[in-house]
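Asks: As input, take my_file_32.cif (mmCIF, C-alpha atoms):
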```cif
data_my_file
#
loop_
_atom_site.label_atom_id
_atom_site.label_comp_id
_atom_site.auth_asym_id
_atom_site.auth_seq_id
_atom_site.Cartn_x
_atom_site.Cartn_y
_atom_site.Cartn_z
CA MET A 18 138.78 100.70 112.56
CA LYS A 19 141.38 99.61 115.05
CA VAL A 20 140.12 102.03 117.66
CA MET A 21 136.59 100.73 117.32
CA ASN A 22 137.77 97.14 117.54
CA VAL A 23 139.65 97.89 120.70
CA LEU A 24 136.64 99.66 122.16
CA ALA A 25 134.31 96.80 121.23
CA THR A 26 136.68 94.31 122.81
CA THR A 27 136.80 96.42 125.94
CA ILE A 28 133.04 96.46 126.24
CA ALA A 29 132.95 92.69 125.86
CA ILE A 30 135.69 92.14 128.41
CA GLY A 31 134.09 94.68 130.72
CA LEU A 32 130.75 92.91 130.59
CA LEU A 33 132.28 89.49 131.14
CA SER A 34 134.61 90.47 133.96
CA GLY A 35 131.89 92.69 135.36
CA SER A 36 129.62 89.74 135.94
CA ALA A 37 132.49 87.43 136.86
CA ALA A 38 134.01 89.81 139.37
CA MET A 39 130.69 90.45 141.06
CA ALA A 40 131.66 89.02 144.38
CA ASP A 41 128.87 86.94 145.78
CA GLY A 42 128.00 85.72 149.18
CA TYR A 43 126.21 82.57 150.15
CA LYS A 44 125.09 80.56 147.13
CA THR A 45 125.46 76.82 147.64
CA CYS A 46 122.51 75.01 149.22
CA THR A 47 121.99 71.76 147.35
CA LYS A 48 123.43 69.41 144.75
CA LEU A 49 120.00 68.27 143.69
CA ASP A 50 119.10 68.66 140.03
CA LYS A 51 117.09 71.81 139.39
CA ALA A 52 114.22 69.81 137.88
CA SER A 53 113.59 68.19 141.26
CA TRP A 54 113.57 71.43 143.25
CA LYS A 55 110.60 72.34 145.38
CA PRO A 56 108.85 75.54 144.22
CA ALA A 57 110.17 78.91 145.35
CA SER A 58 106.74 79.81 146.66
CA ASP A 59 107.22 77.12 149.31
CA ALA A 60 110.37 78.88 150.50
CA GLU A 61 108.48 82.19 150.64
CA ALA A 62 105.67 80.52 152.57
CA LYS A 63 108.18 79.15 155.03
CA ALA A 64 109.64 82.60 155.61
CA LYS A 65 106.16 84.04 156.11
CA ALA A 66 105.38 81.30 158.61
CA ALA A 67 108.55 82.27 160.47
CA GLY A 68 107.21 85.81 160.85
CA TYR A 69 108.94 87.57 157.99
CA GLU A 70 107.33 90.03 155.62
CA VAL A 71 108.53 88.67 152.28
CA ARG A 72 109.60 91.29 149.75
CA GLN A 73 110.84 89.02 146.98
CA SER A 74 112.66 85.78 146.36
CA LYS A 75 115.08 84.67 143.72
CA VAL A 76 117.45 81.88 142.88
CA GLU A 77 120.97 82.57 144.10
CA GLY A 78 123.35 79.83 143.05
CA THR A 79 121.63 76.67 144.26
CA CYS A 80 119.64 78.49 146.94
CA TYR A 81 116.32 80.23 147.19
CA GLU A 82 117.15 83.68 148.52
CA VAL A 83 114.18 85.27 150.25
CA TYR A 84 114.21 88.97 151.12
CA GLY A 85 112.39 89.35 154.39
CA VAL A 86 111.66 92.08 156.92
CA LYS A 87 111.03 91.29 160.58
CA ASP A 88 110.69 93.74 163.47
CA GLY A 89 111.90 96.58 161.28
CA LYS A 90 115.06 94.72 160.33
CA THR A 91 116.05 93.37 156.91
CA PHE A 92 117.23 89.84 156.28
CA GLU A 93 118.26 87.62 153.41
CA LEU A 94 117.16 84.03 154.04
CA PHE A 95 118.77 81.19 152.14
CA TYR A 96 116.65 78.06 151.76
CA SER A 97 117.64 74.77 150.21
CA PRO A 98 115.37 73.99 147.24
CA GLU A 99 115.85 70.33 148.12
CA ASP A 100 114.15 70.21 151.51
CA LEU A 101 113.41 73.91 152.22
CA SER A 102 115.74 73.84 155.21
CA LEU A 103 117.05 77.27 156.23
CA LYS A 104 120.75 77.18 155.37
CA HIS A 105 121.77 80.70 156.14
CA THR A 106 120.37 83.96 157.51
CA LYS A 107 122.04 87.22 156.72
CA ALA A 108 121.06 90.43 158.49
CA LYS A 109 121.46 93.33 156.08
CA MET B 4 144.82 103.05 111.10
CA ARG B 5 148.15 104.44 110.15
CA GLU B 6 150.87 104.38 112.69
CA ALA B 7 152.36 107.54 114.02
CA ASP B 8 155.59 108.49 112.33
CA PRO B 9 158.51 107.81 114.62
CA GLY B 10 160.16 111.15 113.94
CA SER B 11 157.73 112.97 116.12
CA ARG B 12 157.16 116.60 115.51
CA ASN B 13 156.01 116.95 119.07
CA PRO B 14 158.58 118.35 121.43
CA PRO B 15 159.20 115.95 124.27
CA SER B 16 156.84 116.79 127.04
CA GLY B 17 157.82 117.19 130.62
CA ARG B 18 161.34 118.38 129.93
CA ARG B 19 162.00 120.64 132.87
CA ALA B 20 163.66 123.48 131.02
CA ASP B 21 160.88 124.23 128.57
CA ARG B 22 158.02 122.76 130.51
CA HIS B 23 156.19 126.00 130.97
CA ALA B 24 156.75 127.04 127.40
CA THR B 25 155.08 123.97 125.92
CA THR B 26 152.71 122.72 128.59
CA VAL B 27 149.80 124.17 130.45
CA LEU B 28 148.02 123.22 133.65
CA VAL B 29 144.75 121.65 132.54
CA TRP B 30 143.46 119.55 135.44
CA ASP B 31 143.40 121.46 138.70
CA LEU B 32 144.44 119.71 141.92
CA PRO B 33 140.94 119.20 143.38
CA LEU B 34 139.81 117.62 140.11
CA ARG B 35 142.80 115.25 140.07
CA VAL B 36 142.22 114.22 143.68
CA TRP B 37 138.54 113.74 142.83
CA HIS B 38 139.39 111.61 139.80
CA TRP B 39 141.73 109.21 141.56
CA ALA B 40 139.59 109.01 144.71
CA LEU B 41 136.62 108.11 142.53
CA ALA B 42 138.67 105.53 140.64
CA GLY B 43 139.74 103.90 143.91
CA LEU B 44 136.23 103.89 145.35
CA ILE B 45 134.73 102.40 142.18
CA LEU B 46 137.35 99.68 142.31
CA ILE B 47 136.51 98.98 145.95
CA ALA B 48 132.77 98.98 145.29
CA TRP B 49 133.26 96.63 142.33
CA VAL B 50 134.87 93.84 144.34
CA THR B 51 132.96 94.13 147.62
CA PRO B 52 129.21 93.56 147.01
CA ASN B 53 127.63 90.83 149.16
CA VAL B 54 130.96 89.88 150.66
CA TYR B 55 132.11 93.06 152.36
CA ASP B 56 128.85 94.93 152.72
CA GLY B 57 130.22 97.48 155.16
CA LEU B 58 133.06 98.48 152.87
CA HIS B 59 130.74 98.45 149.87
CA GLN B 60 128.34 100.83 151.58
CA PHE B 61 131.17 103.08 152.72
CA ALA B 62 132.41 103.32 149.14
CA GLY B 63 128.91 104.18 147.95
CA TYR B 64 128.40 106.97 150.50
CA ALA B 65 131.86 108.33 149.75
CA VAL B 66 131.00 108.42 146.03
CA ILE B 67 127.84 110.41 146.85
CA GLY B 68 130.12 112.90 148.57
CA LEU B 69 132.41 113.00 145.54
CA LEU B 70 129.42 113.52 143.23
CA ALA B 71 128.28 116.48 145.33
CA PHE B 72 131.78 117.94 145.13
CA ARG B 73 131.95 117.40 141.37
CA LEU B 74 128.65 119.19 140.79
CA LEU B 75 129.93 122.13 142.82
CA TRP B 76 133.32 122.05 141.10
CA GLY B 77 131.62 122.02 137.72
CA PHE B 78 130.62 125.60 138.43
CA VAL B 79 133.42 127.03 140.54
CA GLY B 80 136.44 125.00 139.41
CA THR B 81 139.03 126.06 136.87
CA ARG B 82 138.37 126.13 133.14
CA HIS B 83 138.56 122.44 132.27
CA SER B 84 136.72 121.37 135.41
CA ARG B 85 133.67 123.45 134.61
CA PHE B 86 130.56 122.16 132.89
CA GLU B 87 129.93 125.19 130.70
CA LYS B 88 131.57 123.66 127.62
CA LEU B 89 129.79 120.34 127.95
CA GLY B 90 126.79 121.28 125.79
CA PRO B 91 128.67 121.95 122.54
CA LYS B 92 130.95 119.00 123.20
CA LEU B 93 128.03 116.63 123.67
CA ARG B 94 126.49 117.86 120.42
CA ALA B 95 129.84 117.25 118.70
CA ALA B 96 130.21 113.76 120.17
CA PRO B 97 128.36 111.75 117.45
CA THR B 98 130.42 113.33 114.68
CA TYR B 99 133.57 112.93 116.72
CA LEU B 100 132.92 109.22 117.24
CA ARG B 101 132.24 108.72 113.52
CA ASN B 102 135.52 110.42 112.65
CA LEU B 103 137.33 108.39 115.28
CA ARG B 104 136.68 105.34 113.15
CA ARG B 105 138.81 106.95 110.47
CA GLY B 106 141.55 107.59 112.99
CA ALA B 107 140.83 111.30 113.23
CA THR B 108 141.31 112.02 116.90
CA GLY B 109 141.25 115.78 116.91
CA ARG B 110 143.08 117.46 119.70
CA TYR B 111 141.66 118.95 122.84
CA LEU B 112 143.31 120.36 125.91
CA GLY B 113 140.44 119.29 128.12
CA LEU B 114 138.04 116.44 127.43
CA ASN B 115 137.39 115.52 123.82
CA PRO B 116 133.70 115.15 122.86
CA ALA B 117 133.77 111.40 123.51
CA GLY B 118 135.28 112.05 126.93
CA ALA B 119 132.64 114.66 127.69
CA ALA B 120 129.88 112.21 126.75
CA LEU B 121 131.50 109.58 128.94
CA LEU B 122 131.76 112.01 131.86
CA VAL B 123 128.07 112.88 131.69
CA ALA B 124 127.04 109.22 131.37
CA MET B 125 129.36 108.26 134.22
CA LEU B 126 128.04 110.95 136.56
CA ALA B 127 124.44 109.97 135.79
CA LEU B 128 125.12 106.26 136.33
CA LEU B 129 127.02 106.95 139.55
CA ALA B 130 124.05 108.92 140.81
CA ILE B 131 121.64 106.09 139.94
CA SER B 132 123.91 103.43 141.39
CA THR B 133 124.62 105.18 144.67
CA VAL B 134 121.04 106.36 145.27
CA THR B 135 119.52 102.93 144.54
CA GLY B 136 122.28 101.36 146.63
CA ALA B 137 121.46 103.59 149.57
CA MET B 138 117.74 102.86 149.12
CA GLN B 139 118.40 99.10 149.17
CA VAL B 140 119.55 99.24 152.76
CA THR B 141 116.43 101.01 153.97
CA VAL B 142 113.54 98.93 155.28
CA ARG B 143 111.22 100.80 152.94
CA PHE B 144 112.98 99.74 149.74
CA PHE B 145 114.77 96.56 150.82
CA GLY B 146 114.12 93.74 148.37
CA VAL B 147 112.12 95.92 145.97
CA TRP B 148 112.97 94.46 142.59
CA TRP B 149 113.36 97.62 140.53
CA ILE B 150 115.70 99.11 143.12
CA GLU B 151 117.80 95.94 143.10
CA ASP B 152 117.88 95.69 139.33
CA GLY B 153 118.51 99.39 138.83
CA HIS B 154 121.45 99.22 141.19
CA ALA B 155 122.89 96.13 139.49
CA TYR B 156 122.53 97.43 135.92
CA ALA B 157 123.81 100.92 136.71
CA SER B 158 126.77 99.46 138.59
CA HIS B 159 127.70 97.08 135.78
CA ALA B 160 127.43 99.91 133.28
CA ILE B 161 129.80 101.98 135.43
CA ILE B 162 132.43 99.25 135.23
CA VAL B 163 132.00 99.03 131.46
CA LEU B 164 132.32 102.80 131.11
CA ALA B 165 135.36 102.83 133.39
CA GLY B 166 136.98 100.18 131.19
CA LEU B 167 136.12 102.17 128.09
CA HIS B 168 137.58 105.26 129.71
CA VAL B 169 140.84 103.49 130.54
CA VAL B 170 141.24 101.98 127.06
CA GLY B 171 140.12 105.18 125.34
CA THR B 172 142.69 107.14 127.32
CA LEU B 173 145.50 104.68 126.53
CA VAL B 174 144.62 104.56 122.82
CA MET B 175 144.43 108.34 122.65
CA SER B 176 147.74 108.65 124.50
CA ARG B 177 149.32 106.48 121.84
CA LEU B 178 147.67 108.18 118.88
CA GLN B 179 148.56 111.65 120.08
CA ARG B 180 151.85 110.73 121.69
CA GLU B 181 150.98 112.38 124.94
CA ASN B 182 150.90 110.69 128.33
CA LEU B 183 147.31 111.41 129.28
CA VAL B 184 147.48 109.26 132.40
CA GLY B 185 150.43 111.31 133.58
CA ALA B 186 148.48 114.44 132.78
CA MET B 187 145.79 113.38 135.24
CA VAL B 188 148.56 112.92 137.84
CA THR B 189 150.47 116.14 137.29
CA GLY B 190 147.71 118.21 135.71
CA TRP B 191 149.97 119.38 132.87
CA LYS B 192 149.35 118.83 129.18
CA GLN B 193 151.05 119.92 126.00
CA VAL B 194 149.81 123.13 124.47
CA PRO B 195 148.39 122.42 121.00
CA GLY B 196 150.08 125.58 119.72
CA ALA B 197 153.47 124.45 120.96
CA MET B 198 153.08 121.17 119.15
CA ARG B 199 153.03 123.02 115.88
CA ALA B 200 156.40 124.59 116.54
CA ALA B 201 157.98 121.71 114.70
CA PRO B 202 161.69 122.06 113.96
CA ARG B 203 161.15 122.15 110.24
CA ALA B 204 158.30 124.59 110.34
CA ARG B 205 159.58 128.10 109.81
CA SER B 206 156.38 129.89 110.58
CA ALA B 207 152.91 129.26 111.75
CA ASP B 208 151.74 129.19 108.13
CA ASP B 209 154.31 126.56 107.23
CA ALA B 210 153.32 124.54 110.21
CA ARG B 211 149.74 124.68 109.16
CA VAL B 212 150.23 122.94 105.84
CA PRO B 213 151.25 119.45 106.96
CA LEU B 214 148.54 119.43 109.51
CA GLN B 215 145.78 119.69 106.98
CA PRO B 216 144.05 116.39 106.36
CA GLN B 217 145.56 114.42 103.52
CA ALA B 218 143.48 114.08 100.41
CA ASP B 219 143.35 110.30 100.49
CA GLU B 220 141.84 110.13 103.93
CA ALA B 221 140.42 113.53 104.50
CA PRO B 222 138.04 113.78 107.39
CA PRO B 223 134.71 115.08 106.15
CA GLN B 224 133.42 118.54 106.81
CA GLY B 225 131.87 117.35 109.99
CA ASP B 226 135.29 116.87 111.47
CA GLU B 227 136.14 120.46 110.87
CA GLN B 228 132.88 121.50 112.41
CA THR B 229 133.64 119.43 115.43
CA GLN B 230 137.08 120.76 115.92
CA GLY B 231 136.29 124.26 114.82
CA GLU B 232 133.61 124.70 117.42
CA PRO B 233 135.03 127.86 118.92
CA SER B 234 133.44 127.39 122.28
CA VAL B 235 134.82 123.88 122.56
CA VAL B 236 138.44 124.20 121.70
CA PRO B 237 140.58 126.01 124.19
CA ASN B 238 142.16 129.13 122.90
CA ILE B 239 145.64 129.52 124.27
CA ALA B 240 146.18 133.21 124.46
CA SER B 241 149.84 132.87 125.35
CA THR B 242 150.77 131.19 122.09
CA SER B 243 150.27 133.74 119.39
CA ALA B 244 150.97 131.23 116.66
CA ALA B 245 148.28 128.93 117.90
CA ARG B 246 145.36 128.32 115.63
CA PRO B 247 142.15 127.64 117.47
CA HIS B 248 142.54 123.99 116.62
CA ILE B 249 144.72 121.59 114.73
CA GLY B 250 143.84 118.74 112.48
CA PRO B 251 144.01 115.11 113.41
CA VAL B 252 147.38 114.51 114.86
CA ASP B 253 148.19 111.62 112.58
CA ALA B 254 146.86 113.25 109.46
CA ARG B 255 150.27 113.71 107.89
CA ASP B 256 151.94 110.63 109.30
#
```
Reformat the file's structure so that it appears as structure tokens.
Replies:
Amino acid sequence: MKVMNVLATTIAIGLLSGSAAMADGYKTCTKLDKASWKPASDAEAKAKAAGYEVRQSKVEGTCYEVYGVKDGKTFELFYSPEDLSLKHTKAK
Amino acid sequence: MREADPGSRNPPSGRRADRHATTVLVWDLPLRVWHWALAGLILIAWVTPNVYDGLHQFAGYAVIGLLAFRLLWGFVGTRHSRFEKLGPKLRAAPTYLRNLRRGATGRYLGLNPAGAALLVAMLALLAISTVTGAMQVTVRFFGVWWIEDGHAYASHAIIVLAGLHVVGTLVMSRLQRENLVGAMVTGWKQVPGAMRAAPRARSADDARVPLQPQADEAPPQGDEQTQGEPSVVPNIASTSAARPHIGPVDARD
């Protein structure tokens, strides 16, 4: 029994610390309440307008993170959901 | 689970004088280097995503190299590095895990069935994680959701398995009173046959009696099947008194 308890605890701790220890990069773009955010599709549209081929977008912290490709190079674009300003560009 | 009896019947391991009489080289040097290199790289890869991308990618490519080596070594390495015993061990794993709940640990020179299952799962997950990771940085697959998710899930699962491996090893070290971490450093482990040469046992037959499962907590037949799997349990030719296997180490404690 004890062995199984220890193993179960390990899995739990592993899962928790696994997600906690996942070091993350840029993730703070706005303090605005999520209910008032502009839609993510607007951020994607903005990236497209800037010449990027948009692969996907997701919420990263309080940012919209848009995966874009331009001139054969890959970028992660961080937009503020508050005003859709480009906060950060990361070349991958 | 019952605690191990303090008056251990196991001869102290690692005593220089009788080291070669009671211990045997189980993990060959390349396997040990592989193990600790992999442990270090997994640790690096765990703490570097998104922040230190260069280091993270280096760790991933290095792990691909280690995986290639391990596949090769699974066929040309020494006995306990090879994959040929994995099949029977994997089939024995469910029974082994059930018996583990009763505290029946069995005793194996190489990996026990749970360890074998973990090894196979770990190698598969490492392959998924590193391949999807490498794909992520190509223009073709950058930002493709199933590549991203596959990489994230496989990588998290690797950390969980690594944690399980560490705890499983420590628990087993305690239950069997053998320093298994040290064994992965030095390569040497106690010979199961030598463990039965208890001071109060006059012969191999005497030694056999206390090692049989006690009536009140006898492991079921399945346990015997697991441990009696002839192709699984190392047969130490040098110890004539050695039975092909022994019962759970704490069975008489």
Asks: For the file shown, report as a count of residues only the outcome of the PyMOL selection byres ((chain A and resi 90-102) around 9) at residue level.
Replies: 43
Asks: Could you tell me how far atom CA of Arg94 of chain B sits from atom CA of Ser158 of chain B, in Å to one decimal place?
Replies: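 Rounded to one decimal, the two atoms are 25.9 Å apart.
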Asks: Could you list, as a list in words, every residue matched by the PyMOL selection byres ((chain B) within 8 of (chain A)) in this structure?
Replies: Met4, Trp49, Val50, Thr51, Pro52, Asn53, Val54, Leu103, Arg104, Arg105, Gly106, Val140, Val142, Phe145, Gly146, Val147, Trp148, His159, Ile162, Val163, Gly166, Leu167, Val170, Gly171 and Val174 of chain B
Asks: Pull C-alpha atoms from the residues just selected and write them as a PDB file, keeping the file's coordinate frame.
Replies:
```pdb
ATOM      1  CA  MET B   4     144.820 103.050 111.100  1.00  0.00           C
ATOM      2  CA  TRP B  49     133.260  96.630 142.330  1.00  0.00           C
ATOM      3  CA  VAL B  50     134.870  93.840 144.340  1.00  0.00           C
ATOM      4  CA  THR B  51     132.960  94.130 147.620  1.00  0.00           C
ATOM      5  CA  PRO B  52     129.210  93.560 147.010  1.00  0.00           C
ATOM      6  CA  ASN B  53     127.630  90.830 149.160  1.00  0.00           C
ATOM      7  CA  VAL B  54     130.960  89.880 150.660  1.00  0.00           C
ATOM      8  CA  LEU B 103     137.330 108.390 115.280  1.00  0.00           C
ATOM      9  CA  ARG B 104     136.680 105.340 113.150  1.00  0.00           C
ATOM     10  CA  ARG B 105     138.810 106.950 110.470  1.00  0.00           C
ATOM     11  CA  GLY B 106     141.550 107.590 112.990  1.00  0.00           C
ATOM     12  CA  VAL B 140     119.550  99.240 152.760  1.00  0.00           C
ATOM     13  CA  VAL B 142     113.540  98.930 155.280  1.00  0.00           C
ATOM     14  CA  PHE B 145     114.770  96.560 150.820  1.00  0.00           C
ATOM     15  CA  GLY B 146     114.120  93.740 148.370  1.00  0.00           C
ATOM     16  CA  VAL B 147     112.120  95.920 145.970  1.00  0.00           C
ATOM     17  CA  TRP B 148     112.970  94.460 142.590  1.00  0.00           C
ATOM     18  CA  HIS B 159     127.700  97.080 135.780  1.00  0.00           C
ATOM     19  CA  ILE B 162     132.430  99.250 135.230  1.00  0.00           C
ATOM     20  CA  VAL B 163     132.000  99.030 131.460  1.00  0.00           C
ATOM     21  CA  GLY B 166     136.980 100.180 131.190  1.00  0.00           C
ATOM     22  CA  LEU B 167     136.120 102.170 128.090  1.00  0.00           C
ATOM     23  CA  VAL B 170     141.240 101.980 127.060  1.00  0.00           C
ATOM     24  CA  GLY B 171     140.120 105.180 125.340  1.00  0.00           C
ATOM     25  CA  VAL B 174     144.620 104.560 122.820  1.00  0.00           C
TER      26      VAL B 174
END
```
Asks: Provide the atom CA of Trp191 of chain B to atom CA of Leu178 of chain B distance in Å, to one decimal place.
Replies: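 One can read the atom CA of Trp191 of chain B to atom CA of Leu178 of chain B distance as 18.1 Å.
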Asks: Segment 52-60 of chain A, all listed atoms, 3 Å padding on each side: what axis-aligned box centre and edge lengths in Å to one decimal come out, as AutoDock Vina command-line options?
Replies:
```
--center_x 110.5 --center_y 74.0 --center_z 144.2 --size_x 13.5 --size_y 17.6 --size_z 18.6
```
Asks: Taking all atoms listed in the file into account, name the residue in B:Ala95, B:Met187, B:Glu87, B:Arg143 that is nearest to Gly109 of chain B.
Replies: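 Answer, going by the shortest atom-to-atom distance: B:Ala95.
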Asks: To one decimal place in Å, what is the distance between atom CA of Asn182 of chain B and atom CA of Asn115 of chain B?
Replies: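 Computed distance, atom CA of Asn182 of chain B to atom CA of Asn115 of chain B, equals 15.0 Å.
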Asks: Using only C-alpha atoms, which protein or nucleic acid residues come within 10 Å of Tyr64 of chain B? Drop anything in the same chain fewer than 6 positions from it, and give the result as a list in words.
Replies: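 Result of the neighbour search: Leu44, Leu58, Leu70, Thr133, Val134, Gly136 and Ala137 of chain B.
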